[in-house]
>>> print(open('model11.csv').read())   # CSV, C-alpha atoms
chain,number,residue,atom,x,y,z
A,1,MET,CA,0.0,0.0,0.0
A,2,SER,CA,2.9,2.4,0.7
A,3,LYS,CA,3.8,2.9,-2.9
A,4,ILE,CA,0.2,3.8,-3.8
A,5,ASN,CA,0.0,6.4,-1.0
A,6,GLU,CA,3.2,8.1,-2.0
A,7,TYR,CA,1.1,10.0,-4.5
A,8,PRO,CA,-1.1,12.6,-3.2
A,9,SER,CA,-4.7,11.3,-3.4
A,10,ILE,CA,-5.9,14.7,-4.5
A,11,VAL,CA,-4.2,14.2,-7.9
A,12,LYS,CA,-6.7,13.1,-10.5
A,13,CYS,CA,-5.5,10.8,-13.2
A,14,SER,CA,-5.6,12.2,-16.7
A,15,HIS,CA,-4.7,10.5,-19.9
A,16,GLU,CA,-1.7,12.7,-20.5
A,17,LYS,CA,0.2,15.7,-19.2
A,18,ASN,CA,2.1,17.7,-21.8
A,19,GLY,CA,2.0,14.6,-24.0
A,20,PHE,CA,2.9,12.2,-21.2
A,21,PRO,CA,0.5,9.4,-20.3
A,22,CYS,CA,-0.4,9.3,-16.6
A,23,PHE,CA,1.3,6.2,-15.0
A,24,ILE,CA,-0.2,6.3,-11.6
A,25,PRO,CA,-2.9,3.7,-12.2
A,26,ALA,CA,-0.3,1.4,-13.8
A,27,GLN,CA,2.0,1.9,-10.9
A,28,ARG,CA,-0.9,1.1,-8.5
A,29,VAL,CA,-1.8,-2.1,-10.3
A,30,LEU,CA,1.9,-3.2,-10.6
A,31,ASN,CA,2.3,-2.8,-6.8
A,32,LEU,CA,-0.9,-4.7,-6.2
A,33,VAL,CA,-0.2,-7.5,-8.6
A,34,GLY,CA,3.5,-7.7,-7.6
A,35,LYS,CA,2.6,-8.9,-4.1
A,36,LYS,CA,3.3,-12.5,-3.3
A,37,TRP,CA,0.8,-14.9,-4.7
A,38,SER,CA,-1.3,-12.3,-6.5
A,39,ILE,CA,-0.4,-13.3,-10.1
A,40,GLN,CA,-0.8,-16.9,-9.2
A,41,LEU,CA,-4.3,-16.2,-7.8
A,42,ILE,CA,-5.3,-14.2,-10.9
A,43,ASN,CA,-4.0,-17.0,-13.1
A,44,VAL,CA,-5.9,-19.7,-11.2
A,45,LEU,CA,-9.1,-17.8,-11.5
A,46,SER,CA,-8.8,-16.6,-15.1
A,47,ASP,CA,-11.1,-17.8,-18.0
A,48,GLY,CA,-14.2,-17.5,-15.9
A,49,ARG,CA,-13.3,-20.1,-13.3
A,50,LYS,CA,-15.2,-20.2,-10.0
A,51,VAL,CA,-13.2,-21.7,-7.2
A,52,ARG,CA,-13.9,-22.2,-3.5
A,53,TYR,CA,-11.5,-21.1,-0.8
A,54,LYS,CA,-10.2,-24.6,0.0
A,55,GLU,CA,-9.7,-25.5,-3.7
A,56,LEU,CA,-7.9,-22.2,-4.2
A,57,ARG,CA,-5.3,-23.2,-1.6
A,58,GLU,CA,-4.9,-26.6,-3.2
A,59,LEU,CA,-4.5,-25.2,-6.7
A,60,LEU,CA,-1.9,-22.7,-5.5
A,61,HIS,CA,0.1,-25.5,-3.7
A,62,LYS,CA,0.0,-27.7,-6.8
A,63,GLY,CA,2.0,-25.0,-8.5
A,64,TRP,CA,4.3,-24.2,-5.7
A,65,LYS,CA,4.9,-27.0,-3.3
A,66,GLN,CA,8.0,-25.6,-1.6
A,67,ASN,CA,6.3,-22.4,-0.4
A,68,LYS,CA,2.9,-22.8,1.1
A,69,ILE,CA,0.5,-19.9,1.3
A,70,SER,CA,-0.8,-19.1,4.8
A,71,ASP,CA,-4.5,-18.4,5.5
A,72,ALA,CA,-3.7,-14.9,6.6
A,73,THR,CA,-1.8,-14.2,3.3
A,74,LEU,CA,-4.5,-15.8,1.1
A,75,SER,CA,-7.2,-13.8,2.9
A,76,ALA,CA,-5.2,-10.5,2.5
A,77,ARG,CA,-4.7,-11.1,-1.2
A,78,LEU,CA,-8.4,-12.0,-1.8
A,79,ASN,CA,-9.4,-8.8,0.1
A,80,GLU,CA,-7.1,-6.6,-1.8
A,81,LEU,CA,-8.2,-7.9,-5.2
A,82,SER,CA,-11.8,-7.6,-4.1
A,83,GLU,CA,-11.4,-4.0,-2.9
A,84,GLU,CA,-9.9,-3.2,-6.3
A,85,GLY,CA,-13.0,-4.6,-8.0
A,86,LEU,CA,-11.1,-7.4,-9.6
A,87,LEU,CA,-12.5,-10.3,-7.6
A,88,LEU,CA,-16.1,-11.4,-7.0
A,89,ARG,CA,-17.3,-13.4,-4.0
A,90,ASP,CA,-20.4,-15.5,-4.7
A,91,ILE,CA,-22.0,-16.5,-1.4
A,92,HIS,CA,-24.5,-19.3,-1.5
A,93,ALA,CA,-27.0,-19.4,1.4
A,94,GLU,CA,-26.3,-23.0,2.4
A,95,ILE,CA,-25.3,-24.7,5.6
A,96,PRO,CA,-22.3,-24.6,5.8
A,97,PRO,CA,-22.1,-21.5,3.7
A,98,LYS,CA,-20.5,-21.9,0.3
A,99,VAL,CA,-18.3,-19.1,-1.1
A,100,GLU,CA,-17.0,-19.1,-4.6
A,101,TYR,CA,-14.4,-16.8,-5.9
A,102,SER,CA,-14.1,-15.6,-9.5
A,103,LEU,CA,-12.6,-12.7,-11.4
A,104,SER,CA,-14.8,-9.8,-12.3
A,105,GLU,CA,-14.9,-8.5,-15.8
A,106,LYS,CA,-12.2,-6.0,-14.8
A,107,GLY,CA,-10.2,-8.8,-13.3
A,108,GLU,CA,-10.4,-10.8,-16.5
A,109,GLU,CA,-9.3,-7.8,-18.5
A,110,LEU,CA,-6.3,-7.3,-16.1
A,111,SER,CA,-5.4,-11.0,-16.5
A,112,LYS,CA,-5.3,-10.6,-20.3
A,113,ALA,CA,-3.3,-7.4,-20.0
A,114,LEU,CA,-0.7,-9.2,-17.8
A,115,GLN,CA,-0.2,-12.1,-20.2
A,116,PRO,CA,2.5,-10.5,-22.5
A,117,LEU,CA,4.5,-9.4,-19.4
A,118,ILE,CA,4.3,-12.9,-17.8
A,119,GLU,CA,5.2,-14.6,-21.1
A,120,TRP,CA,8.1,-12.2,-21.6
A,121,THR,CA,9.5,-12.6,-18.1
A,122,ILE,CA,9.4,-16.4,-18.3
A,123,LYS,CA,11.1,-16.3,-21.7
A,124,ALA,CA,13.7,-13.7,-20.6
A,125,CYS,CA,14.4,-15.8,-17.4
A,126,HIS,CA,15.5,-18.8,-19.5
A,127,GLU,CA,17.7,-17.0,-22.0
B,1,MET,CA,14.1,-5.7,-3.1
B,2,SER,CA,12.3,-7.4,-0.2
B,3,LYS,CA,9.6,-9.0,-2.3
B,4,ILE,CA,12.3,-10.6,-4.5
B,5,ASN,CA,14.2,-12.0,-1.6
B,6,GLU,CA,11.1,-13.6,-0.1
B,7,TYR,CA,11.7,-16.4,-2.4
B,8,PRO,CA,14.7,-18.7,-1.6
B,9,SER,CA,17.3,-17.9,-4.1
B,10,ILE,CA,18.1,-21.6,-4.5
B,11,VAL,CA,14.8,-22.1,-6.3
B,12,LYS,CA,15.5,-22.3,-10.0
B,13,CYS,CA,12.8,-21.0,-12.3
B,14,SER,CA,11.2,-23.6,-14.5
B,15,HIS,CA,8.5,-23.1,-17.2
B,16,GLU,CA,6.0,-25.0,-15.2
B,17,LYS,CA,5.4,-27.2,-12.2
B,18,ASN,CA,2.5,-29.6,-12.5
B,19,GLY,CA,1.1,-27.6,-15.3
B,20,PHE,CA,1.6,-24.3,-13.5
B,21,PRO,CA,3.8,-21.6,-15.1
B,22,CYS,CA,6.5,-20.3,-12.8
B,23,PHE,CA,5.6,-16.7,-11.8
B,24,ILE,CA,8.8,-15.8,-9.9
B,25,PRO,CA,10.4,-13.9,-12.8
B,26,ALA,CA,7.1,-12.0,-13.4
B,27,GLN,CA,6.8,-11.1,-9.8
B,28,ARG,CA,10.4,-9.9,-9.7
B,29,VAL,CA,9.9,-7.6,-12.7
B,30,LEU,CA,6.5,-6.3,-11.4
B,31,ASN,CA,8.3,-5.3,-8.2
B,32,LEU,CA,11.1,-3.7,-10.1
B,33,VAL,CA,8.9,-1.8,-12.5
B,34,GLY,CA,6.3,-0.9,-9.8
B,35,LYS,CA,8.8,1.3,-8.0
B,36,LYS,CA,8.3,5.0,-8.3
B,37,TRP,CA,9.4,6.5,-11.6
B,38,SER,CA,10.5,3.2,-13.2
B,39,ILE,CA,7.7,3.0,-15.8
B,40,GLN,CA,8.1,6.6,-16.6
B,41,LEU,CA,11.8,6.0,-17.2
B,42,ILE,CA,11.2,3.0,-19.4
B,43,ASN,CA,8.6,5.0,-21.4
B,44,VAL,CA,10.9,8.0,-21.9
B,45,LEU,CA,13.7,5.7,-23.2
B,46,SER,CA,11.6,3.4,-25.3
B,47,ASP,CA,11.8,3.2,-29.1
B,48,GLY,CA,15.6,3.4,-29.2
B,49,ARG,CA,15.9,6.9,-27.6
B,50,LYS,CA,19.3,7.8,-26.1
B,51,VAL,CA,19.0,10.5,-23.4
B,52,ARG,CA,21.5,12.2,-21.1
B,53,TYR,CA,21.0,12.3,-17.4
B,54,LYS,CA,20.0,16.0,-17.3
B,55,GLU,CA,17.5,15.6,-20.2
B,56,LEU,CA,16.0,12.5,-18.5
B,57,ARG,CA,15.2,14.6,-15.4
B,58,GLU,CA,13.7,17.3,-17.6
B,59,LEU,CA,11.6,14.8,-19.6
B,60,LEU,CA,10.3,13.2,-16.4
B,61,HIS,CA,9.3,16.6,-14.9
B,62,LYS,CA,7.5,17.6,-18.1
B,63,GLY,CA,5.1,14.7,-17.4
B,64,TRP,CA,4.9,15.1,-13.7
B,65,LYS,CA,5.3,18.7,-12.5
B,66,GLN,CA,3.8,18.2,-9.1
B,67,ASN,CA,6.2,15.5,-7.9
B,68,LYS,CA,9.9,16.1,-8.7
B,69,ILE,CA,12.3,13.2,-8.8
B,70,SER,CA,15.4,13.6,-6.6
B,71,ASP,CA,18.9,12.8,-7.9
B,72,ALA,CA,19.1,9.9,-5.3
B,73,THR,CA,15.9,8.3,-6.6
B,74,LEU,CA,16.8,8.8,-10.3
B,75,SER,CA,20.2,7.3,-9.7
B,76,ALA,CA,18.7,4.4,-7.8
B,77,ARG,CA,16.2,3.6,-10.5
B,78,LEU,CA,18.9,3.8,-13.2
B,79,ASN,CA,21.1,1.5,-11.3
B,80,GLU,CA,18.4,-1.1,-10.7
B,81,LEU,CA,17.4,-1.1,-14.4
B,82,SER,CA,21.0,-1.3,-15.4
B,83,GLU,CA,21.8,-4.3,-13.0
B,84,GLU,CA,18.8,-6.1,-14.4
B,85,GLY,CA,20.3,-5.7,-17.9
B,86,LEU,CA,17.5,-3.5,-19.1
B,87,LEU,CA,19.4,-0.2,-19.4
B,88,LEU,CA,22.6,0.7,-21.2
B,89,ARG,CA,25.1,3.5,-20.3
B,90,ASP,CA,27.0,4.8,-23.2
B,91,ILE,CA,30.0,6.7,-21.9
B,92,HIS,CA,31.7,9.1,-24.3
B,93,ALA,CA,35.4,9.9,-23.5
B,94,GLU,CA,34.9,13.7,-23.5
B,95,ILE,CA,35.6,16.5,-21.1
B,96,PRO,CA,33.2,16.8,-19.4
B,97,PRO,CA,32.3,13.1,-19.8
B,98,LYS,CA,29.0,12.6,-21.7
B,99,VAL,CA,26.8,9.7,-20.6
B,100,GLU,CA,23.8,8.6,-22.6
B,101,TYR,CA,21.2,6.2,-21.3
B,102,SER,CA,19.1,3.9,-23.5
B,103,LEU,CA,17.2,0.7,-23.2
B,104,SER,CA,18.9,-2.6,-24.0
B,105,GLU,CA,17.2,-5.1,-26.3
B,106,LYS,CA,15.8,-6.7,-23.2
B,107,GLY,CA,14.6,-3.4,-21.9
B,108,GLU,CA,12.8,-2.6,-25.2
B,109,GLU,CA,11.1,-6.1,-25.0
B,110,LEU,CA,10.0,-5.3,-21.5
B,111,SER,CA,8.7,-1.9,-22.6
B,112,LYS,CA,6.6,-3.6,-25.3
B,113,ALA,CA,5.3,-6.3,-22.9
B,114,LEU,CA,4.2,-3.6,-20.4
B,115,GLN,CA,2.1,-1.7,-23.0
B,116,PRO,CA,-1.1,-3.7,-22.7
B,117,LEU,CA,-1.0,-3.4,-18.9
B,118,ILE,CA,-0.4,0.4,-19.1
B,119,GLU,CA,-3.1,0.9,-21.7
B,120,TRP,CA,-5.6,-1.2,-19.7
B,121,THR,CA,-4.8,0.6,-16.4
B,122,ILE,CA,-5.3,4.0,-18.0
B,123,LYS,CA,-8.6,2.9,-19.6
B,124,ALA,CA,-9.8,1.2,-16.4
B,125,CYS,CA,-9.0,4.3,-14.3
B,126,HIS,CA,-11.3,6.4,-16.4
B,127,GLU,CA,-14.4,4.1,-16.4
>>> encode(input="model11.csv", output="structure tokens")
Amino acid sequence: MSKINEYPSIVKCSHEKNGFPCFIPAQRVLNLVGKKWSIQLINVLSDGRKVRYKELRELLHKGWKQNKISDATLSARLNELSEEGLLLRDIHAEIPPKVEYSLSEKGEELSKALQPLIEWTIKACHE
Amino acid sequence: MSKINEYPSIVKCSHEKNGFPCFIPAQRVLNLVGKKWSIQLINVLSDGRKVRYKELRELLHKGWKQNKISDATLSARLNELSEEGLLLRDIHAEIPPKVEYSLSEKGEELSKALQPLIEWTIKACHE
């Protein structure tokens, strides 16, 4: 959060200033998505998948066995993505209550916009 | 740097683990590029531009008048990008010495890979 708050909140984003695009929203998203497990979460939920909390943990651990995600971290990441309007919680009135997580339309767009960066980093890492 | 070091350095990146892509290099780049002024710097230097230190400062300030970059911050960002192999320093043996900064091939690739994300964030910010 610190990076985001370094910019005075009074500053409104505009498409450009003297021919410069405004990079504040990009910087904000980069800091959000750069947090541990965020990209993995977005990846697991992309393409319209709906996943329950427990399954989310299992899916993340399938990909990263050496470094388990804690409940506190997973909850924090889910809250952050939700507050940013990227994540939806679908709560079913059952006993016990069933909660499914999925990406919002905005989240799916972000997921697609991140793909070239992810592909390039994986490629660049192996050169 | 802290985010990067959260992962044990002994872990080698692999394209996938049980069908999962490895996101460590993406996370690393997101944290590097999410730092204040980094995207602006990459943007200013993209498309093969060669810019001197003083001009760099002026270009950054043209786009962001309310929030000046300090010499310490600009130097730190230039060093980080350089260490990551994204930035080139072209030192001309003149008096006074002339140093020109430009993106390496890897830096230009990163700049292109970041475009969809930047475009999406600017669009999403205005909806």
>>> interface_residues(input="model11.csv", of="chain B", to="chain A", cutoff="6 Å", atoms="only C-alpha atoms", output="PDB file with C-alpha atoms, keeping the file's coordinate frame")
ATOM      1  CA  LYS B  17       5.400 -27.200 -12.200  1.00  0.00           C
ATOM      2  CA  PHE B  20       1.600 -24.300 -13.500  1.00  0.00           C
ATOM      3  CA  PRO B  25      10.400 -13.900 -12.800  1.00  0.00           C
ATOM      4  CA  ALA B  26       7.100 -12.000 -13.400  1.00  0.00           C
ATOM      5  CA  GLN B  27       6.800 -11.100  -9.800  1.00  0.00           C
ATOM      6  CA  LEU B  30       6.500  -6.300 -11.400  1.00  0.00           C
ATOM      7  CA  ASN B  31       8.300  -5.300  -8.200  1.00  0.00           C
ATOM      8  CA  GLY B  34       6.300  -0.900  -9.800  1.00  0.00           C
ATOM      9  CA  GLY B  63       5.100  14.700 -17.400  1.00  0.00           C
ATOM     10  CA  ALA B 113       5.300  -6.300 -22.900  1.00  0.00           C
ATOM     11  CA  LEU B 114       4.200  -3.600 -20.400  1.00  0.00           C
ATOM     12  CA  PRO B 116      -1.100  -3.700 -22.700  1.00  0.00           C
ATOM     13  CA  LEU B 117      -1.000  -3.400 -18.900  1.00  0.00           C
ATOM     14  CA  ILE B 118      -0.400   0.400 -19.100  1.00  0.00           C
ATOM     15  CA  THR B 121      -4.800   0.600 -16.400  1.00  0.00           C
TER      16      THR B 121
END
>>> residues_around(input="model11.csv", residues="Leu78 (chain A)", least_positions_apart="5", cutoff="9 Å", atoms="all atoms listed in the file", output="list of chain:residue names")
A:Ser38, A:Leu41, A:Thr73, A:Glu83, A:Leu87, A:Tyr101
>>> atom_distance(input="model11.csv", atom1="CA of Glu94 (chain A)", atom2="CA of Lys54 (chain A)")
16.4 Å
>>> atom_distance(input="model11.csv", atom1="CA of Lys50 (chain B)", atom2="CA of Glu105 (chain B)")
13.1 Å
>>> residues_near_point(input="model11.csv", point="(13.9, 12.3, -13.8)", cutoff="6 Å", atoms="only C-alpha atoms", output="list in words")
Leu56, Arg57, Leu60, Ile69 and Leu74 of chain B
>>> atom_distance(input="model11.csv", atom1="CA of Ser104 (chain A)", atom2="CA of Arg49 (chain A)")
10.5 Å
